[in-house]
>>> print(open('data.pdb').read())   # PDB, C-alpha atoms
ATOM      1  CA  ARG A   3     -31.642  31.327  63.773
ATOM      2  CA  GLY A   4     -30.841  34.938  62.901
ATOM      3  CA  TYR A   5     -33.151  37.886  63.450
ATOM      4  CA  SER A   6     -33.836  40.609  60.908
ATOM      5  CA  LEU A   7     -34.385  42.990  63.781
ATOM      6  CA  HIS A   8     -34.765  46.311  62.028
ATOM      7  CA  GLY A   9     -37.103  44.766  59.480
ATOM      8  CA  ARG A  10     -39.295  43.395  62.262
ATOM      9  CA  ARG A  11     -39.396  46.825  63.954
ATOM     10  CA  LEU A  12     -40.548  48.467  60.721
ATOM     11  CA  GLN A  13     -43.130  45.727  60.265
ATOM     12  CA  PHE A  14     -44.406  46.287  63.801
ATOM     13  CA  PHE A  15     -44.921  50.026  63.302
ATOM     14  CA  PHE A  16     -46.648  49.388  59.983
ATOM     15  CA  LEU A  17     -48.964  46.859  61.624
ATOM     16  CA  ILE A  18     -49.831  49.082  64.585
ATOM     17  CA  LYS A  19     -50.612  51.994  62.256
ATOM     18  CA  THR A  20     -52.737  49.791  60.031
ATOM     19  CA  ALA A  21     -54.570  48.287  63.015
ATOM     20  CA  TYR A  22     -55.655  51.683  64.336
ATOM     21  CA  ARG A  23     -56.605  52.854  60.882
ATOM     22  CA  SER A  24     -58.852  49.862  60.246
ATOM     23  CA  GLY A  25     -60.440  49.810  63.696
ATOM     24  CA  SER A  26     -58.903  46.446  64.604
ATOM     25  CA  ASP A  27     -60.173  44.826  67.779
ATOM     26  CA  VAL A  28     -58.454  45.101  71.144
ATOM     27  CA  SER A  29     -56.920  41.613  70.981
ATOM     28  CA  GLU A  30     -54.953  42.544  67.851
ATOM     29  CA  ILE A  31     -53.600  45.685  69.518
ATOM     30  CA  GLU A  32     -52.567  43.641  72.558
ATOM     31  CA  ARG A  33     -50.786  41.146  70.317
ATOM     32  CA  LEU A  34     -48.814  43.952  68.705
ATOM     33  CA  LYS A  35     -47.883  45.327  72.123
ATOM     34  CA  GLU A  36     -46.558  41.888  73.093
ATOM     35  CA  GLU A  37     -44.526  41.657  69.902
ATOM     36  CA  ASN A  38     -43.106  45.143  70.420
ATOM     37  CA  LEU A  39     -42.028  44.290  73.968
ATOM     38  CA  SER A  40     -40.317  41.147  72.731
ATOM     39  CA  LEU A  41     -38.505  43.133  70.034
ATOM     40  CA  GLN A  42     -37.314  45.627  72.638
ATOM     41  CA  ALA A  43     -35.857  42.731  74.596
ATOM     42  CA  LEU A  44     -34.035  41.526  71.484
ATOM     43  CA  LEU A  45     -32.602  45.008  70.976
ATOM     44  CA  ALA A  46     -31.377  45.110  74.582
ATOM     45  CA  VAL A  47     -29.628  41.730  74.284
ATOM     46  CA  PRO A  48     -29.141  41.115  70.520
ATOM     47  CA  SER A  49     -26.743  38.201  71.015
ATOM     48  CA  ARG A  50     -28.931  36.177  73.354
ATOM     49  CA  SER A  51     -28.935  32.401  72.936
ATOM     50  CA  SER A  52     -30.423  29.452  74.778
ATOM     51  CA  SER A  53     -30.758  25.678  74.774
ATOM     52  CA  VAL A  54     -34.409  25.904  73.740
ATOM     53  CA  SER A  55     -34.911  23.898  70.573
ATOM     54  CA  ARG A  56     -38.567  24.513  69.673
ATOM     55  CA  PHE A  57     -41.870  25.880  70.884
ATOM     56  CA  LEU A  58     -45.264  24.257  71.208
ATOM     57  CA  PRO A  59     -48.617  26.107  70.955
ATOM     58  CA  VAL A  60     -50.951  24.871  73.712
ATOM     59  CA  PHE A  61     -54.392  25.687  75.057
ATOM     60  CA  VAL A  62     -55.056  26.955  78.571
ATOM     61  CA  PHE A  63     -57.622  25.036  80.623
ATOM     62  CA  LEU A  64     -60.281  27.015  82.446
ATOM     63  CA  SER A  65     -60.047  26.976  86.246
ATOM     64  CA  TYR A  66     -62.782  27.477  88.812
ATOM     65  CA  PRO A  67     -63.707  30.043  90.064
ATOM     66  CA  PHE A  68     -61.944  31.750  87.147
ATOM     67  CA  SER A  69     -59.874  34.109  89.317
ATOM     68  CA  ASN A  70     -56.645  32.190  89.913
ATOM     69  CA  LYS A  71     -53.818  34.240  88.405
ATOM     70  CA  HIS A  72     -51.095  32.295  90.209
ATOM     71  CA  SER A  73     -51.081  29.235  87.949
ATOM     72  CA  LEU A  74     -52.232  27.920  84.581
ATOM     73  CA  THR A  75     -52.983  24.395  83.406
ATOM     74  CA  ILE A  76     -52.158  23.560  79.790
ATOM     75  CA  ASN A  77     -53.253  20.671  77.568
ATOM     76  CA  ALA A  78     -49.786  19.189  76.941
ATOM     77  CA  GLY A  79     -47.504  17.150  79.178
ATOM     78  CA  SER A  80     -44.544  14.795  79.121
ATOM     79  CA  GLU A  81     -45.871  12.937  76.060
ATOM     80  CA  ALA A  82     -45.471  16.185  74.090
ATOM     81  CA  GLY A  83     -42.025  16.910  75.500
ATOM     82  CA  VAL A  84     -43.091  19.392  78.197
ATOM     83  CA  ALA A  85     -40.768  19.385  81.220
ATOM     84  CA  VAL A  86     -40.498  21.166  84.566
ATOM     85  CA  GLY A  87     -38.785  24.501  84.010
ATOM     86  CA  ASP A  88     -40.078  25.066  80.473
ATOM     87  CA  ILE A  89     -41.203  28.630  79.750
ATOM     88  CA  LEU A  90     -44.736  29.771  78.885
ATOM     89  CA  SER A  91     -44.982  32.911  76.795
ATOM     90  CA  VAL A  92     -47.285  34.993  74.620
ATOM     91  CA  ASN A  93     -45.527  36.326  71.526
ATOM     92  CA  GLY A  94     -42.184  36.019  73.276
ATOM     93  CA  VAL A  95     -43.247  37.687  76.546
ATOM     94  CA  LEU A  96     -42.970  35.637  79.747
ATOM     95  CA  VAL A  97     -46.234  34.355  81.209
ATOM     96  CA  GLY A  98     -44.987  31.594  83.499
ATOM     97  CA  GLN A  99     -42.851  28.505  84.034
ATOM     98  CA  VAL A 100     -43.898  24.850  84.155
ATOM     99  CA  SER A 101     -43.854  23.539  87.733
ATOM    100  CA  GLU A 102     -45.668  20.168  87.469
ATOM    101  CA  VAL A 103     -45.874  17.777  84.535
ATOM    102  CA  PHE A 104     -48.233  14.867  83.909
ATOM    103  CA  ASN A 105     -48.625  12.642  80.854
ATOM    104  CA  ARG A 106     -51.070  14.841  78.955
ATOM    105  CA  TYR A 107     -51.185  18.116  80.850
ATOM    106  CA  ALA A 108     -48.989  20.376  82.933
ATOM    107  CA  VAL A 109     -49.266  23.149  85.522
ATOM    108  CA  ALA A 110     -47.267  26.368  85.371
ATOM    109  CA  ARG A 111     -46.785  29.167  87.860
ATOM    110  CA  THR A 112     -47.269  32.675  86.489
ATOM    111  CA  VAL A 113     -45.509  35.963  87.170
ATOM    112  CA  PHE A 114     -48.315  36.660  89.651
ATOM    113  CA  GLU A 115     -47.286  33.849  92.003
ATOM    114  CA  PRO A 116     -46.085  35.275  95.333
ATOM    115  CA  GLY A 117     -42.516  34.348  96.169
ATOM    116  CA  TRP A 118     -41.287  33.775  92.601
ATOM    117  CA  GLU A 119     -38.024  35.718  92.363
ATOM    118  CA  PHE A 120     -35.314  35.958  89.702
ATOM    119  CA  PRO A 121     -32.729  38.559  88.600
ATOM    120  CA  VAL A 122     -33.549  40.918  85.739
ATOM    121  CA  TYR A 123     -32.086  43.719  83.654
ATOM    122  CA  ILE A 124     -33.986  46.980  83.146
ATOM    123  CA  GLY A 125     -33.820  49.313  80.153
ATOM    124  CA  ASN A 126     -31.080  49.871  77.580
ATOM    125  CA  SER A 127     -28.529  50.404  80.372
ATOM    126  CA  LEU A 128     -29.256  46.870  81.684
ATOM    127  CA  THR A 129     -29.761  48.098  85.245
ATOM    128  CA  ARG A 130     -29.809  45.200  87.720
ATOM    129  CA  GLY A 131     -32.822  44.304  89.825
ATOM    130  CA  LEU A 132     -34.730  41.422  91.405
ATOM    131  CA  PHE A 133     -38.170  40.447  90.089
ATOM    132  CA  ASN A 134     -40.761  39.702  92.800
ATOM    133  CA  GLY A 135     -43.930  37.926  91.724
ATOM    134  CA  GLY A 136     -47.288  38.553  93.377
ATOM    135  CA  ALA A 137     -50.619  40.287  92.878
ATOM    136  CA  GLU A 138     -48.622  43.380  91.874
ATOM    137  CA  PRO A 139     -45.273  42.152  90.531
ATOM    138  CA  LYS A 140     -42.378  44.554  91.047
ATOM    139  CA  ILE A 141     -38.614  44.887  90.753
ATOM    140  CA  THR A 142     -36.645  45.454  93.962
ATOM    141  CA  LEU A 143     -32.979  46.000  94.930
ATOM    142  CA  ILE A 144     -32.447  48.605  92.188
ATOM    143  CA  SER A 145     -29.504  50.870  93.043
ATOM    144  CA  ARG A 146     -30.540  54.495  93.560
ATOM    145  CA  ALA A 147     -27.468  55.450  91.546
ATOM    146  CA  GLN A 148     -29.316  54.171  88.447
ATOM    147  CA  ARG A 149     -31.838  56.167  86.438
ATOM    148  CA  LEU A 150     -35.032  54.460  85.308
ATOM    149  CA  SER A 151     -37.825  55.635  83.030
ATOM    150  CA  VAL A 152     -41.458  54.660  82.658
ATOM    151  CA  GLY A 153     -41.669  52.279  79.730
ATOM    152  CA  ASP A 154     -38.243  50.674  80.254
ATOM    153  CA  VAL A 155     -38.384  47.023  79.217
ATOM    154  CA  VAL A 156     -37.547  44.374  81.835
ATOM    155  CA  ILE A 157     -35.765  41.201  80.677
ATOM    156  CA  SER A 158     -34.486  38.019  82.323
ATOM    157  CA  ALA A 159     -30.830  38.049  83.389
ATOM    158  CA  ASP A 160     -29.898  34.602  84.773
ATOM    159  CA  PRO A 161     -29.732  31.903  82.050
ATOM    160  CA  THR A 162     -29.712  29.132  84.661
ATOM    161  CA  LEU A 163     -33.251  30.099  85.712
ATOM    162  CA  LEU A 164     -34.903  31.471  82.574
ATOM    163  CA  MET A 165     -34.085  32.018  78.916
ATOM    164  CA  PRO A 166     -31.627  34.939  78.712
ATOM    165  CA  GLY A 167     -33.071  38.172  77.368
ATOM    166  CA  LEU A 168     -36.687  37.019  77.755
ATOM    167  CA  ALA A 169     -39.108  39.968  77.888
ATOM    168  CA  ILE A 170     -40.955  40.197  81.232
ATOM    169  CA  GLY A 171     -42.875  43.487  81.180
ATOM    170  CA  SER A 172     -42.313  47.237  81.267
ATOM    171  CA  VAL A 173     -41.856  49.784  84.051
ATOM    172  CA  THR A 174     -44.933  51.827  85.018
ATOM    173  CA  GLN A 175     -43.795  53.455  88.281
ATOM    174  CA  VAL A 176     -40.568  53.919  90.239
ATOM    175  CA  THR A 177     -40.684  54.491  94.008
ATOM    176  CA  GLY A 178     -38.289  54.642  96.943
ATOM    177  CA  GLY A 179     -38.136  56.328 100.341
ATOM    178  CA  ASP A 180     -35.368  58.811 101.127
ATOM    179  CA  SER A 181     -33.918  56.435 103.715
ATOM    180  CA  SER A 182     -33.782  53.447 101.366
ATOM    181  CA  PRO A 183     -30.659  52.714  99.279
ATOM    182  CA  PHE A 184     -32.813  51.070  96.578
ATOM    183  CA  TRP A 185     -35.543  51.897  94.095
ATOM    184  CA  GLU A 186     -38.612  49.729  93.508
ATOM    185  CA  ALA A 187     -40.273  49.548  90.107
ATOM    186  CA  PHE A 188     -43.810  48.371  89.371
ATOM    187  CA  LEU A 189     -44.618  46.629  86.090
ATOM    188  CA  SER A 190     -47.273  46.304  83.445
ATOM    189  CA  PHE A 191     -47.760  43.308  81.160
ATOM    190  CA  PRO A 192     -49.097  43.313  77.572
ATOM    191  CA  TYR A 193     -51.632  40.586  78.361
ATOM    192  CA  SER A 194     -54.277  39.665  80.917
ATOM    193  CA  VAL A 195     -54.011  36.184  82.447
ATOM    194  CA  SER A 196     -57.800  35.855  82.555
ATOM    195  CA  ASP A 197     -57.960  36.450  78.783
ATOM    196  CA  LEU A 198     -55.358  33.843  77.827
ATOM    197  CA  ARG A 199     -56.709  30.983  75.734
ATOM    198  CA  GLN A 200     -53.505  29.850  74.039
ATOM    199  CA  VAL A 201     -49.815  30.224  74.944
ATOM    200  CA  GLU A 202     -46.480  28.902  73.718
ATOM    201  CA  VAL A 203     -44.263  26.469  75.624
ATOM    202  CA  PHE A 204     -40.558  26.757  74.868
ATOM    203  CA  LEU A 205     -39.464  23.136  75.066
ATOM    204  CA  SER A 206     -36.067  22.186  76.414
ATOM    205  CA  SER A 207     -36.567  18.441  75.931
ATOM    206  CA  SER A 208     -37.782  16.036  73.252
ATOM    207  CA  PRO A 209     -41.147  14.233  73.315
ATOM    208  CA  GLN A 210     -41.181  10.700  74.623
ATOM    209  CA  PRO A 211     -41.423   7.919  72.007
TER     210      PRO A 211
END
>>> encode(input="data.pdb", output="structure tokens")
Amino acid sequence: RGYSLHGRRLQFFFLIKTAYRSGSDVSEIERLKEENLSLQALLAVPSRSSSVSRFLPVFVFLSYPFSNKHSLTINAGSEAGVAVGDILSVNGVLVGQVSEVFNRYAVARTVFEPGWEFPVYIGNSLTRGLFNGGAEPKITLISRAQRLSVGDVVISADPTLLMPGLAIGSVTQVTGGDSSPFWEAFLSFPYSVSDLRQVEVFLSSSPQP
């Protein structure tokens, strides 16, 4: 499927202007932020492709005591074609990855799960780094020879682990001691896990008959 990229960018800026003018609620503004981040990822890797055939809108189950950011449970499983490794997103921005599948529901780890690591590209220069999940996700192993800016989009880089060119988040802070050969970058995400009610699953398999 082709993308009319410049048309979508113009549409985004029109929508964001209209939303502020009409006093749209916060959720609409957040949705537009998510879409903008996804479009930035498309601009960084315009030729991206993947084996994903379709996506499935699903609802997020509520968990007790409502403070677990590490995982999400969704109301679709193997009967709907959900498989381990499938991606969860909001408007094209990574939320998590399916880790356990049952007949009618599945569990996914989120970007806030400690120990979840995968390679990423940063900004238009596609600077290399390693994503580290946790309470405060960050990018490590960034060469100090590279220049980063606040607002740089972070996208997935290894197609064997995640969809290539998938938007992850954006850079909010870059740090690094004088004795370290690497930068570290902290991220922001255009959504709050606790506010998620519905997400999309990018399916890599077909539903069972």
>>> axis_aligned_box(input="data.pdb", around="region 69-77 of chain A", padding_each_side="3 Å", output="lines of an AutoDock Vina configuration file")
center_x = -55.5
center_y = 27.5
center_z = 83.9
size_x = 14.8
size_y = 19.6
size_z = 18.6
>>> resolve_selection(input="data.pdb", expression="the PyMOL selection byres ((chain A and resi 73-86) around 10)", output="MDAnalysis selection string")
chainID A and resid 57:65 70:72 87:90 97:115 195:196 198:211
>>> write_last_selection(input="data.pdb", atoms="C-alpha atoms", output="tab-separated table (two decimals), in the coordinates of the input")
chain	number	residue	atom	x	y	z
A	57	PHE	CA	-41.87	25.88	70.88
A	58	LEU	CA	-45.26	24.26	71.21
A	59	PRO	CA	-48.62	26.11	70.96
A	60	VAL	CA	-50.95	24.87	73.71
A	61	PHE	CA	-54.39	25.69	75.06
A	62	VAL	CA	-55.06	26.96	78.57
A	63	PHE	CA	-57.62	25.04	80.62
A	64	LEU	CA	-60.28	27.02	82.45
A	65	SER	CA	-60.05	26.98	86.25
A	70	ASN	CA	-56.64	32.19	89.91
A	71	LYS	CA	-53.82	34.24	88.40
A	72	HIS	CA	-51.10	32.30	90.21
A	87	GLY	CA	-38.78	24.50	84.01
A	88	ASP	CA	-40.08	25.07	80.47
A	89	ILE	CA	-41.20	28.63	79.75
A	90	LEU	CA	-44.74	29.77	78.89
A	97	VAL	CA	-46.23	34.35	81.21
A	98	GLY	CA	-44.99	31.59	83.50
A	99	GLN	CA	-42.85	28.50	84.03
A	100	VAL	CA	-43.90	24.85	84.16
A	101	SER	CA	-43.85	23.54	87.73
A	102	GLU	CA	-45.67	20.17	87.47
A	103	VAL	CA	-45.87	17.78	84.54
A	104	PHE	CA	-48.23	14.87	83.91
A	105	ASN	CA	-48.62	12.64	80.85
A	106	ARG	CA	-51.07	14.84	78.96
A	107	TYR	CA	-51.18	18.12	80.85
A	108	ALA	CA	-48.99	20.38	82.93
A	109	VAL	CA	-49.27	23.15	85.52
A	110	ALA	CA	-47.27	26.37	85.37
A	111	ARG	CA	-46.78	29.17	87.86
A	112	THR	CA	-47.27	32.67	86.49
A	113	VAL	CA	-45.51	35.96	87.17
A	114	PHE	CA	-48.32	36.66	89.65
A	115	GLU	CA	-47.29	33.85	92.00
A	195	VAL	CA	-54.01	36.18	82.45
A	196	SER	CA	-57.80	35.85	82.56
A	198	LEU	CA	-55.36	33.84	77.83
A	199	ARG	CA	-56.71	30.98	75.73
A	200	GLN	CA	-53.50	29.85	74.04
A	201	VAL	CA	-49.82	30.22	74.94
A	202	GLU	CA	-46.48	28.90	73.72
A	203	VAL	CA	-44.26	26.47	75.62
A	204	PHE	CA	-40.56	26.76	74.87
A	205	LEU	CA	-39.46	23.14	75.07
A	206	SER	CA	-36.07	22.19	76.41
A	207	SER	CA	-36.57	18.44	75.93
A	208	SER	CA	-37.78	16.04	73.25
A	209	PRO	CA	-41.15	14.23	73.32
A	210	GLN	CA	-41.18	10.70	74.62
A	211	PRO	CA	-41.42	7.92	72.01
>>> resolve_selection(input="data.pdb", expression="the PyMOL selection byres ((chain A and resi 142) around 6)", output="MDAnalysis selection string")
chainID A and resid 131:132 141 143:144 186
